[in-house]
Each structure stands twice: as structure tokens, then as C-alpha cells.
>>> print(open('protein_7.txt').read())   # compact mmCIF, N, CA and C atoms
# COMPACT_ATOMS: atom_id res chain seq x y z
N MET R 16 8.59 19.05 4.86
CA MET R 16 9.93 18.87 4.36
C MET R 16 10.06 19.64 3.04
N ARG R 17 11.24 20.19 2.79
CA ARG R 17 11.54 20.88 1.54
C ARG R 17 12.05 19.84 0.53
N ILE R 18 11.31 19.66 -0.54
CA ILE R 18 11.62 18.65 -1.54
C ILE R 18 11.73 19.31 -2.90
N ALA R 19 12.78 18.95 -3.64
CA ALA R 19 12.92 19.40 -5.03
C ALA R 19 12.61 18.21 -5.93
N ILE R 20 11.92 18.48 -7.03
CA ILE R 20 11.56 17.42 -7.97
C ILE R 20 11.88 17.89 -9.38
N ALA R 21 12.43 16.97 -10.18
CA ALA R 21 12.76 17.30 -11.57
C ALA R 21 12.62 16.04 -12.41
N SER R 22 12.44 16.25 -13.71
CA SER R 22 12.27 15.11 -14.61
C SER R 22 12.79 15.46 -15.99
N ASP R 23 12.63 14.50 -16.88
CA ASP R 23 12.78 14.80 -18.29
C ASP R 23 11.37 14.77 -18.90
N HIS R 24 11.28 14.82 -20.21
CA HIS R 24 9.98 14.85 -20.87
C HIS R 24 9.19 13.56 -20.66
N ALA R 25 9.88 12.43 -20.58
CA ALA R 25 9.20 11.15 -20.43
C ALA R 25 8.48 11.03 -19.10
N ALA R 26 8.93 11.75 -18.11
CA ALA R 26 8.36 11.67 -16.76
C ALA R 26 7.61 12.94 -16.37
N PHE R 27 7.35 13.80 -17.32
CA PHE R 27 6.68 15.07 -17.01
C PHE R 27 5.35 14.86 -16.30
N GLU R 28 4.53 13.94 -16.77
CA GLU R 28 3.22 13.72 -16.16
C GLU R 28 3.35 13.14 -14.75
N LEU R 29 4.24 12.18 -14.55
CA LEU R 29 4.43 11.61 -13.21
C LEU R 29 4.94 12.68 -12.26
N LYS R 30 5.83 13.54 -12.74
CA LYS R 30 6.35 14.63 -11.90
C LYS R 30 5.21 15.53 -11.43
N ALA R 31 4.32 15.90 -12.34
CA ALA R 31 3.20 16.78 -11.98
C ALA R 31 2.29 16.11 -10.94
N LEU R 32 2.01 14.84 -11.13
CA LEU R 32 1.16 14.12 -10.17
C LEU R 32 1.81 14.04 -8.80
N LEU R 33 3.11 13.69 -8.76
CA LEU R 33 3.81 13.60 -7.48
C LEU R 33 3.96 14.96 -6.82
N ARG R 34 4.24 15.99 -7.60
CA ARG R 34 4.35 17.35 -7.05
C ARG R 34 3.06 17.75 -6.35
N ASP R 35 1.95 17.59 -7.03
CA ASP R 35 0.66 17.98 -6.46
C ASP R 35 0.33 17.16 -5.21
N TRP R 36 0.59 15.88 -5.26
CA TRP R 36 0.35 14.99 -4.12
C TRP R 36 1.21 15.39 -2.92
N LEU R 37 2.49 15.67 -3.17
CA LEU R 37 3.39 16.08 -2.08
C LEU R 37 2.94 17.39 -1.44
N ILE R 38 2.49 18.32 -2.26
CA ILE R 38 1.97 19.58 -1.72
C ILE R 38 0.74 19.31 -0.87
N ASP R 39 -0.14 18.46 -1.36
CA ASP R 39 -1.34 18.09 -0.58
C ASP R 39 -0.97 17.42 0.74
N GLU R 40 0.17 16.74 0.76
CA GLU R 40 0.65 16.07 1.98
C GLU R 40 1.33 17.06 2.93
N GLY R 41 1.46 18.31 2.53
CA GLY R 41 2.01 19.33 3.40
C GLY R 41 3.47 19.66 3.20
N HIS R 42 4.08 19.15 2.15
CA HIS R 42 5.49 19.43 1.88
C HIS R 42 5.64 20.70 1.06
N GLU R 43 6.79 21.32 1.20
CA GLU R 43 7.17 22.46 0.37
C GLU R 43 7.92 21.88 -0.83
N VAL R 44 7.39 22.07 -2.02
CA VAL R 44 7.95 21.41 -3.21
C VAL R 44 8.43 22.44 -4.22
N ALA R 45 9.69 22.29 -4.64
CA ALA R 45 10.24 23.10 -5.72
C ALA R 45 10.26 22.24 -6.98
N ASP R 46 9.45 22.60 -7.95
CA ASP R 46 9.40 21.91 -9.23
C ASP R 46 10.45 22.56 -10.13
N LEU R 47 11.52 21.83 -10.41
CA LEU R 47 12.63 22.37 -11.18
C LEU R 47 12.49 22.15 -12.68
N GLY R 48 11.37 21.59 -13.09
CA GLY R 48 11.10 21.44 -14.50
C GLY R 48 11.29 20.01 -14.98
N PRO R 49 10.98 19.88 -16.25
CA PRO R 49 10.61 20.88 -17.23
C PRO R 49 9.16 21.35 -17.05
N ASP R 50 8.81 22.38 -17.80
CA ASP R 50 7.48 22.97 -17.70
C ASP R 50 6.49 22.40 -18.72
N SER R 51 6.96 21.48 -19.55
CA SER R 51 6.08 20.86 -20.55
C SER R 51 6.64 19.48 -20.88
N GLY R 52 5.91 18.76 -21.70
CA GLY R 52 6.35 17.44 -22.13
C GLY R 52 7.23 17.47 -23.37
N ASP R 53 7.68 18.67 -23.76
CA ASP R 53 8.59 18.78 -24.91
C ASP R 53 9.93 18.14 -24.58
N ARG R 54 10.57 17.58 -25.59
CA ARG R 54 11.83 16.87 -25.41
C ARG R 54 12.89 17.75 -24.73
N VAL R 55 13.53 17.17 -23.71
CA VAL R 55 14.64 17.81 -23.00
C VAL R 55 15.69 16.75 -22.71
N ASP R 56 16.83 17.16 -22.22
CA ASP R 56 17.91 16.24 -21.87
C ASP R 56 17.94 16.04 -20.35
N TYR R 57 17.79 14.79 -19.91
CA TYR R 57 17.74 14.49 -18.47
C TYR R 57 18.97 14.95 -17.70
N PRO R 58 20.19 14.96 -18.27
CA PRO R 58 21.32 15.42 -17.46
C PRO R 58 21.15 16.86 -16.97
N ASP R 59 20.58 17.72 -17.80
CA ASP R 59 20.40 19.11 -17.40
C ASP R 59 19.55 19.21 -16.13
N PHE R 60 18.49 18.44 -16.07
CA PHE R 60 17.59 18.51 -14.91
C PHE R 60 18.15 17.72 -13.73
N GLY R 61 18.91 16.67 -14.00
CA GLY R 61 19.57 15.94 -12.92
C GLY R 61 20.62 16.78 -12.23
N TYR R 62 21.41 17.52 -13.02
CA TYR R 62 22.43 18.39 -12.44
C TYR R 62 21.80 19.53 -11.64
N LEU R 63 20.72 20.09 -12.16
CA LEU R 63 20.01 21.15 -11.45
C LEU R 63 19.48 20.65 -10.12
N LEU R 64 18.85 19.50 -10.12
CA LEU R 64 18.31 18.91 -8.90
C LEU R 64 19.43 18.65 -7.89
N ALA R 65 20.52 18.08 -8.36
CA ALA R 65 21.64 17.78 -7.47
C ALA R 65 22.17 19.04 -6.80
N GLY R 66 22.27 20.12 -7.55
CA GLY R 66 22.77 21.37 -6.98
C GLY R 66 21.89 21.92 -5.88
N VAL R 67 20.58 21.81 -6.06
CA VAL R 67 19.63 22.34 -5.08
C VAL R 67 19.65 21.52 -3.79
N VAL R 68 19.84 20.21 -3.92
CA VAL R 68 19.94 19.37 -2.72
C VAL R 68 21.32 19.57 -2.06
N ALA R 69 22.36 19.64 -2.87
CA ALA R 69 23.71 19.81 -2.33
C ALA R 69 23.88 21.11 -1.55
N ASP R 70 23.24 22.18 -2.03
CA ASP R 70 23.41 23.47 -1.34
C ASP R 70 22.43 23.67 -0.18
N GLY R 71 21.56 22.68 0.06
CA GLY R 71 20.67 22.74 1.20
C GLY R 71 19.35 23.46 0.95
N THR R 72 19.14 23.95 -0.26
CA THR R 72 17.87 24.59 -0.58
C THR R 72 16.73 23.60 -0.40
N ALA R 73 16.96 22.35 -0.78
CA ALA R 73 15.99 21.26 -0.57
C ALA R 73 16.64 20.22 0.33
N GLU R 74 15.83 19.61 1.18
CA GLU R 74 16.32 18.55 2.06
C GLU R 74 16.46 17.22 1.32
N ARG R 75 15.55 16.98 0.38
CA ARG R 75 15.55 15.74 -0.40
C ARG R 75 15.19 16.06 -1.83
N GLY R 76 15.58 15.15 -2.73
CA GLY R 76 15.26 15.30 -4.13
C GLY R 76 14.54 14.09 -4.69
N ILE R 77 13.74 14.33 -5.70
CA ILE R 77 13.08 13.25 -6.44
C ILE R 77 13.38 13.48 -7.91
N ALA R 78 14.04 12.49 -8.52
CA ALA R 78 14.49 12.58 -9.90
C ALA R 78 13.74 11.55 -10.73
N LEU R 79 13.21 11.99 -11.87
CA LEU R 79 12.38 11.12 -12.70
C LEU R 79 12.79 11.21 -14.16
N CYS R 80 12.85 10.07 -14.80
CA CYS R 80 12.97 10.01 -16.25
C CYS R 80 12.25 8.75 -16.71
N GLY R 81 12.36 8.39 -17.96
CA GLY R 81 11.64 7.23 -18.46
C GLY R 81 11.94 5.96 -17.67
N SER R 82 13.21 5.67 -17.48
CA SER R 82 13.62 4.47 -16.74
C SER R 82 14.12 4.79 -15.34
N GLY R 83 14.49 6.05 -15.09
CA GLY R 83 15.12 6.44 -13.84
C GLY R 83 16.63 6.28 -13.87
N ILE R 84 17.13 5.56 -14.83
CA ILE R 84 18.56 5.25 -14.88
C ILE R 84 19.39 6.49 -15.24
N GLY R 85 19.05 7.12 -16.34
CA GLY R 85 19.85 8.26 -16.80
C GLY R 85 19.89 9.40 -15.82
N ILE R 86 18.74 9.79 -15.31
CA ILE R 86 18.72 10.94 -14.39
C ILE R 86 19.41 10.60 -13.08
N SER R 87 19.34 9.34 -12.62
CA SER R 87 20.05 8.98 -11.40
C SER R 87 21.56 9.06 -11.61
N MET R 88 22.02 8.69 -12.79
CA MET R 88 23.45 8.82 -13.09
C MET R 88 23.88 10.28 -13.07
N ALA R 89 23.05 11.15 -13.65
CA ALA R 89 23.37 12.58 -13.67
C ALA R 89 23.42 13.14 -12.26
N VAL R 90 22.43 12.83 -11.45
CA VAL R 90 22.39 13.32 -10.06
C VAL R 90 23.62 12.84 -9.30
N ASN R 91 23.98 11.59 -9.47
CA ASN R 91 25.09 11.03 -8.70
C ASN R 91 26.47 11.52 -9.13
N ARG R 92 26.53 12.34 -10.17
CA ARG R 92 27.81 12.98 -10.53
C ARG R 92 28.23 14.00 -9.47
N ASN R 93 27.27 14.49 -8.71
CA ASN R 93 27.57 15.44 -7.63
C ASN R 93 27.97 14.63 -6.40
N PRO R 94 29.17 14.84 -5.86
CA PRO R 94 29.64 14.02 -4.74
C PRO R 94 28.82 14.19 -3.45
N ALA R 95 28.01 15.21 -3.36
CA ALA R 95 27.17 15.40 -2.16
C ALA R 95 25.86 14.62 -2.25
N LEU R 96 25.58 14.05 -3.40
CA LEU R 96 24.30 13.37 -3.61
C LEU R 96 24.45 11.86 -3.55
N ARG R 97 23.44 11.25 -2.97
CA ARG R 97 23.32 9.80 -2.93
C ARG R 97 21.93 9.47 -3.44
N CYS R 98 21.83 9.30 -4.75
CA CYS R 98 20.55 9.08 -5.41
C CYS R 98 20.35 7.59 -5.64
N ALA R 99 19.24 7.08 -5.14
CA ALA R 99 18.93 5.66 -5.28
C ALA R 99 17.78 5.46 -6.26
N LEU R 100 18.02 4.65 -7.27
CA LEU R 100 16.98 4.27 -8.21
C LEU R 100 16.24 3.08 -7.62
N VAL R 101 14.96 3.23 -7.40
CA VAL R 101 14.16 2.16 -6.78
C VAL R 101 12.90 1.90 -7.58
N SER R 102 12.29 0.75 -7.32
CA SER R 102 11.03 0.41 -7.98
C SER R 102 9.99 -0.12 -7.01
N GLU R 103 10.37 -0.20 -5.72
CA GLU R 103 9.43 -0.63 -4.70
C GLU R 103 9.84 -0.03 -3.35
N PRO R 104 8.90 0.02 -2.38
CA PRO R 104 9.13 0.76 -1.13
C PRO R 104 10.24 0.22 -0.23
N LEU R 105 10.46 -1.08 -0.19
CA LEU R 105 11.51 -1.61 0.68
C LEU R 105 12.87 -1.06 0.26
N SER R 106 13.14 -1.04 -1.02
CA SER R 106 14.42 -0.48 -1.49
C SER R 106 14.52 1.00 -1.16
N ALA R 107 13.42 1.73 -1.25
CA ALA R 107 13.42 3.15 -0.91
C ALA R 107 13.76 3.33 0.58
N ALA R 108 13.17 2.52 1.43
CA ALA R 108 13.44 2.61 2.87
C ALA R 108 14.88 2.22 3.18
N LEU R 109 15.38 1.15 2.56
CA LEU R 109 16.75 0.73 2.81
C LEU R 109 17.76 1.74 2.29
N ALA R 110 17.43 2.40 1.18
CA ALA R 110 18.32 3.45 0.66
C ALA R 110 18.49 4.56 1.69
N ARG R 111 17.45 4.89 2.40
CA ARG R 111 17.53 5.90 3.47
C ARG R 111 18.24 5.33 4.69
N GLU R 112 17.78 4.18 5.17
CA GLU R 112 18.29 3.62 6.42
C GLU R 112 19.77 3.25 6.34
N HIS R 113 20.19 2.64 5.27
CA HIS R 113 21.57 2.15 5.16
C HIS R 113 22.50 3.09 4.42
N ASN R 114 21.98 3.87 3.48
CA ASN R 114 22.83 4.67 2.61
C ASN R 114 22.62 6.17 2.74
N ASP R 115 21.72 6.59 3.61
CA ASP R 115 21.41 8.00 3.81
C ASP R 115 21.14 8.69 2.46
N ALA R 116 20.39 8.00 1.59
CA ALA R 116 20.06 8.57 0.28
C ALA R 116 19.35 9.90 0.49
N ASN R 117 19.78 10.90 -0.25
CA ASN R 117 19.12 12.20 -0.18
C ASN R 117 18.36 12.53 -1.46
N CYS R 118 18.34 11.58 -2.38
CA CYS R 118 17.59 11.72 -3.61
C CYS R 118 17.06 10.36 -4.02
N LEU R 119 15.83 10.35 -4.52
CA LEU R 119 15.18 9.14 -4.98
C LEU R 119 14.95 9.26 -6.48
N ALA R 120 15.25 8.21 -7.22
CA ALA R 120 14.98 8.20 -8.66
C ALA R 120 13.95 7.12 -8.96
N LEU R 121 13.04 7.46 -9.87
CA LEU R 121 12.00 6.54 -10.31
C LEU R 121 11.88 6.61 -11.83
N GLY R 122 11.51 5.48 -12.42
CA GLY R 122 11.28 5.42 -13.86
C GLY R 122 9.80 5.53 -14.17
N ALA R 123 9.41 6.58 -14.84
CA ALA R 123 7.99 6.83 -15.13
C ALA R 123 7.39 5.79 -16.07
N ARG R 124 8.20 5.21 -16.92
CA ARG R 124 7.69 4.20 -17.85
C ARG R 124 7.61 2.82 -17.21
N LEU R 125 8.13 2.71 -15.99
CA LEU R 125 8.19 1.42 -15.30
C LEU R 125 7.42 1.39 -13.99
N THR R 126 7.05 2.56 -13.49
CA THR R 126 6.45 2.67 -12.16
C THR R 126 5.15 3.46 -12.25
N GLY R 127 4.06 2.86 -11.80
CA GLY R 127 2.78 3.54 -11.78
C GLY R 127 2.70 4.53 -10.64
N ILE R 128 1.68 5.36 -10.64
CA ILE R 128 1.55 6.41 -9.64
C ILE R 128 1.41 5.85 -8.23
N ASP R 129 0.64 4.78 -8.03
CA ASP R 129 0.47 4.25 -6.68
C ASP R 129 1.79 3.70 -6.13
N MET R 130 2.54 2.99 -6.95
CA MET R 130 3.84 2.47 -6.51
C MET R 130 4.82 3.62 -6.30
N ALA R 131 4.77 4.63 -7.16
CA ALA R 131 5.65 5.79 -6.99
C ALA R 131 5.37 6.47 -5.66
N LYS R 132 4.10 6.66 -5.32
CA LYS R 132 3.73 7.27 -4.04
C LYS R 132 4.22 6.42 -2.87
N ALA R 133 4.09 5.10 -2.98
CA ALA R 133 4.56 4.22 -1.91
C ALA R 133 6.07 4.33 -1.73
N CYS R 134 6.80 4.42 -2.83
CA CYS R 134 8.26 4.57 -2.76
C CYS R 134 8.64 5.91 -2.13
N VAL R 135 7.99 6.97 -2.55
CA VAL R 135 8.28 8.30 -2.02
C VAL R 135 7.94 8.36 -0.53
N THR R 136 6.84 7.78 -0.13
CA THR R 136 6.47 7.75 1.28
C THR R 136 7.53 7.05 2.11
N ALA R 137 7.97 5.88 1.65
CA ALA R 137 9.02 5.15 2.38
C ALA R 137 10.31 5.96 2.44
N PHE R 138 10.66 6.61 1.35
CA PHE R 138 11.86 7.43 1.28
C PHE R 138 11.80 8.61 2.26
N LEU R 139 10.66 9.26 2.33
CA LEU R 139 10.54 10.44 3.19
C LEU R 139 10.37 10.09 4.66
N GLU R 140 9.79 8.94 4.97
CA GLU R 140 9.50 8.59 6.37
C GLU R 140 10.62 7.82 7.05
N THR R 141 11.58 7.31 6.31
CA THR R 141 12.65 6.50 6.90
C THR R 141 13.84 7.38 7.25
N GLU R 142 14.34 7.20 8.45
CA GLU R 142 15.53 7.93 8.91
C GLU R 142 16.79 7.12 8.63
N PHE R 143 17.91 7.81 8.51
CA PHE R 143 19.21 7.15 8.36
C PHE R 143 19.54 6.43 9.66
N GLY R 144 19.98 5.19 9.55
CA GLY R 144 20.28 4.37 10.72
C GLY R 144 21.59 4.70 11.41
N GLY R 145 22.51 5.35 10.70
CA GLY R 145 23.81 5.69 11.29
C GLY R 145 24.58 4.44 11.66
N GLY R 146 25.26 4.50 12.80
CA GLY R 146 26.01 3.34 13.29
C GLY R 146 26.99 2.80 12.28
N ARG R 147 26.92 1.50 12.05
CA ARG R 147 27.87 0.84 11.15
C ARG R 147 27.79 1.35 9.72
N HIS R 148 26.70 2.01 9.37
CA HIS R 148 26.52 2.52 8.01
C HIS R 148 27.21 3.88 7.80
N ALA R 149 27.46 4.61 8.87
CA ALA R 149 27.96 5.98 8.75
C ALA R 149 29.30 6.06 8.03
N GLY R 150 30.23 5.19 8.36
CA GLY R 150 31.54 5.20 7.72
C GLY R 150 31.45 4.90 6.23
N ARG R 151 30.58 4.00 5.88
CA ARG R 151 30.40 3.64 4.47
C ARG R 151 29.80 4.81 3.70
N VAL R 152 28.85 5.48 4.30
CA VAL R 152 28.23 6.62 3.64
C VAL R 152 29.27 7.73 3.45
N GLU R 153 30.11 7.93 4.43
CA GLU R 153 31.18 8.94 4.31
C GLU R 153 32.08 8.62 3.11
N LYS R 154 32.36 7.36 2.89
CA LYS R 154 33.20 6.96 1.76
C LYS R 154 32.54 7.25 0.41
N LEU R 155 31.22 7.29 0.37
CA LEU R 155 30.54 7.59 -0.89
C LEU R 155 30.86 9.00 -1.37
N SER R 156 31.03 9.94 -0.46
CA SER R 156 31.37 11.32 -0.82
C SER R 156 32.87 11.55 -0.89
N ASN R 157 33.64 10.62 -0.36
CA ASN R 157 35.10 10.73 -0.32
C ASN R 157 35.71 9.42 -0.77
N PRO R 158 35.70 9.11 -2.06
CA PRO R 158 36.10 7.79 -2.54
C PRO R 158 37.56 7.43 -2.30
N THR R 159 38.41 8.37 -2.01
CA THR R 159 39.81 8.04 -1.77
C THR R 159 40.09 7.77 -0.29
N GLN R 160 39.07 7.92 0.55
CA GLN R 160 39.22 7.68 1.99
C GLN R 160 39.52 6.19 2.22
N GLU R 161 40.53 5.93 3.05
CA GLU R 161 40.89 4.54 3.35
C GLU R 161 40.09 4.05 4.55
N SER R 162 40.03 2.73 4.67
CA SER R 162 39.29 2.12 5.78
C SER R 162 39.93 2.39 7.11
>>> encode(input="protein_7.txt", output="C-alpha cells")
Amino acid sequence: MRIAIASDHAAFELKALLRDWLIDEGHEVADLGPDSGDRVDYPDFGYLLAGVVADGTAERGIALCGSGIGISMAVNRNPALRCALVSEPLSAALAREHNDANCLALGARLTGIDMAKACVTAFLETEFGGGRHAGRVEKLSNPTQES
């Protein structure tokens, strides 16, 4: 799978660990930065990640910052993105199954590497359930759509 990953400075180390692990798992990974742990602004990297997923360059995105909150907000500014901030694998799976999430957000200061890997695995292995969820997901990209 083609996966894009981006972070801020607080999540630089977790990003590097997840990037290398995903490559070892056989995925094609685009590391969108940053290239060091020097201070950066998470919106810049969230917007960049969202653009790459929205245009189809990457099939899925992984967004990381200290808490996961800020970068998930930045990613979700793009109407084509459905970024779910999670802290355990069940939420990651449900985000895919019920909400067709195309981006996962994690907080590096709150989530260890083993839990992060478990969340990413659930996110990548779970398919969208469609059915009754499809109309709701459509409304996420088109908020003025009536029932």
C-alpha cells in the first residue's frame, strides 16, 4: 500500500520508527517530514499530508504530533480527508469500517511504539463496511447534503 506519513517535531522519532517498520512490512512509504527534530508547525505538515492523500498519490495517511490533536485538525481541514485520532486498535478499525477513514492520527507523547504499530495495523487491514455507513461518509465531504 502507498502510505504517506508526516509529523511535527514532537513526533519526529515515532515517525521514523513507524516509517521504517512500514517499509519492512512491504509498504511504499512517503515521508513528508520533517527531516529533523527541530521545531516546526504541525499545520504545515498536516496540510501537506492531506494534499498527498486527497490527490491519490498516497492511499492512506498517518499524521503524528505530540497529542495527535493538532495535526488531525489540520488534516481534516481538507474535505477529502477523514482523519481519525485514535489511541487503541479497536478505534482504528472502527474508523475504517464505519467512517472510511483515510488518515490515522496518533499522539507521540501519549502512544508507545507497540500500541502505535497495533493501531496502524488495524487501520491498514480493516476495509470500509459500506452499506448503512456510506451515506454518512458522503455527508462528511459534503456537509450541506440533506438526508
>>> closest_residue(input="protein_7.txt", among="R:Ala149, R:Ala108, R:Leu33, R:Leu121", to="Gly81 (chain R)", atoms="all atoms listed in the file")
R:Leu121
>>> closest_residue(input="protein_7.txt", among="R:Ala110, R:Asp56, R:Val101, R:Leu64", to="Thr126 (chain R)", atoms="all atoms listed in the file")
R:Val101
>>> atom_distance(input="protein_7.txt", atom1="atom N of Ser102 (chain R)", atom2="atom C of Ala89 (chain R)")
17.4 Å
>>> residues_around(input="protein_7.txt", residues="region 116-119 of chain R", least_positions_apart="4", cutoff="6 Å", atoms="only C-alpha atoms", output="PyMOL selection string")
chain R and resi 75-77+97-99+110-111
>>> residues_around(input="protein_7.txt", residues="His24 (chain R)", least_positions_apart="5", cutoff="7 Å", atoms="all atoms listed in the file", output="list in words")
Pro49, Ser51, Gly52, Asp53, Arg54, Val55, Asp56, Tyr57, Cys80 and Gly81 of chain R
>>> write_last_selection(input="protein_7.txt", atoms="N, CA and C atoms", output="tab-separated table (two decimals), keeping the file's coordinate frame")
chain	number	residue	atom	x	y	z
R	49	PRO	N	10.98	19.88	-16.25
R	49	PRO	CA	10.61	20.88	-17.23
R	49	PRO	C	9.16	21.35	-17.05
R	51	SER	N	6.96	21.48	-19.55
R	51	SER	CA	6.08	20.86	-20.55
R	51	SER	C	6.64	19.48	-20.88
R	52	GLY	N	5.91	18.76	-21.70
R	52	GLY	CA	6.35	17.44	-22.13
R	52	GLY	C	7.23	17.47	-23.37
R	53	ASP	N	7.68	18.67	-23.76
R	53	ASP	CA	8.59	18.78	-24.91
R	53	ASP	C	9.93	18.14	-24.58
R	54	ARG	N	10.57	17.58	-25.59
R	54	ARG	CA	11.83	16.87	-25.41
R	54	ARG	C	12.89	17.75	-24.73
R	55	VAL	N	13.53	17.17	-23.71
R	55	VAL	CA	14.64	17.81	-23.00
R	55	VAL	C	15.69	16.75	-22.71
R	56	ASP	N	16.83	17.16	-22.22
R	56	ASP	CA	17.91	16.24	-21.87
R	56	ASP	C	17.94	16.04	-20.35
R	57	TYR	N	17.79	14.79	-19.91
R	57	TYR	CA	17.74	14.49	-18.47
R	57	TYR	C	18.97	14.95	-17.70
R	80	CYS	N	12.85	10.07	-14.80
R	80	CYS	CA	12.97	10.01	-16.25
R	80	CYS	C	12.25	8.75	-16.71
R	81	GLY	N	12.36	8.39	-17.96
R	81	GLY	CA	11.64	7.23	-18.46
R	81	GLY	C	11.94	5.96	-17.67
>>> closest_residue(input="protein_7.txt", among="R:Asn93, R:Ile84, R:Gly48, R:Asp129", to="Gly66 (chain R)", atoms="only N, CA and C atoms")
R:Asn93
>>> closest_residue(input="protein_7.txt", among="R:Leu37, R:Ala131, R:Ala107, R:Ala26", to="Gly85 (chain R)", atoms="only C-alpha atoms")
R:Ala26
>>> atom_distance(input="protein_7.txt", atom1="CA of Glu140 (chain R)", atom2="atom C of Gly122 (chain R)")
20.8 Å
>>> atom_distance(input="protein_7.txt", atom1="CA of Leu105 (chain R)", atom2="CA of Thr141 (chain R)")
10.3 Å
>>> select_by_dssp(input="protein_7.txt", residues="chain R", states="helix (DSSP H, G or I)", output="ChimeraX atom specification")
/R:24-39,57-69,84-90,104-114,128-140,146-156
>>> closest_residue(input="protein_7.txt", among="R:Leu155, R:Leu139, R:Ala73, R:Ala31", to="Leu96 (chain R)", atoms="all atoms listed in the file")
R:Leu155
>>> closest_residue(input="protein_7.txt", among="R:Leu47, R:Leu100, R:Val68, R:Ala95", to="Phe27 (chain R)", atoms="only C-alpha atoms")
R:Leu47
>>> select_by_dssp(input="protein_7.txt", residues="region 51-120 of chain R", states="strand (DSSP E)", output="PyMOL selection string")
chain R and resi 75-80+98-100+118-120
>>> residues_around(input="protein_7.txt", residues="Met16 (chain R)", least_positions_apart="5", cutoff="7 Å", atoms="only C-alpha atoms", output="PyMOL selection string")
chain R and resi 42-43+74
>>> residues_around(input="protein_7.txt", residues="Met130 (chain R)", least_positions_apart="4", cutoff="8 Å", atoms="all atoms listed in the file", output="list in words")
Ser102, Glu103, Pro104, Thr126, Cys134, Val135 and Thr136 of chain R
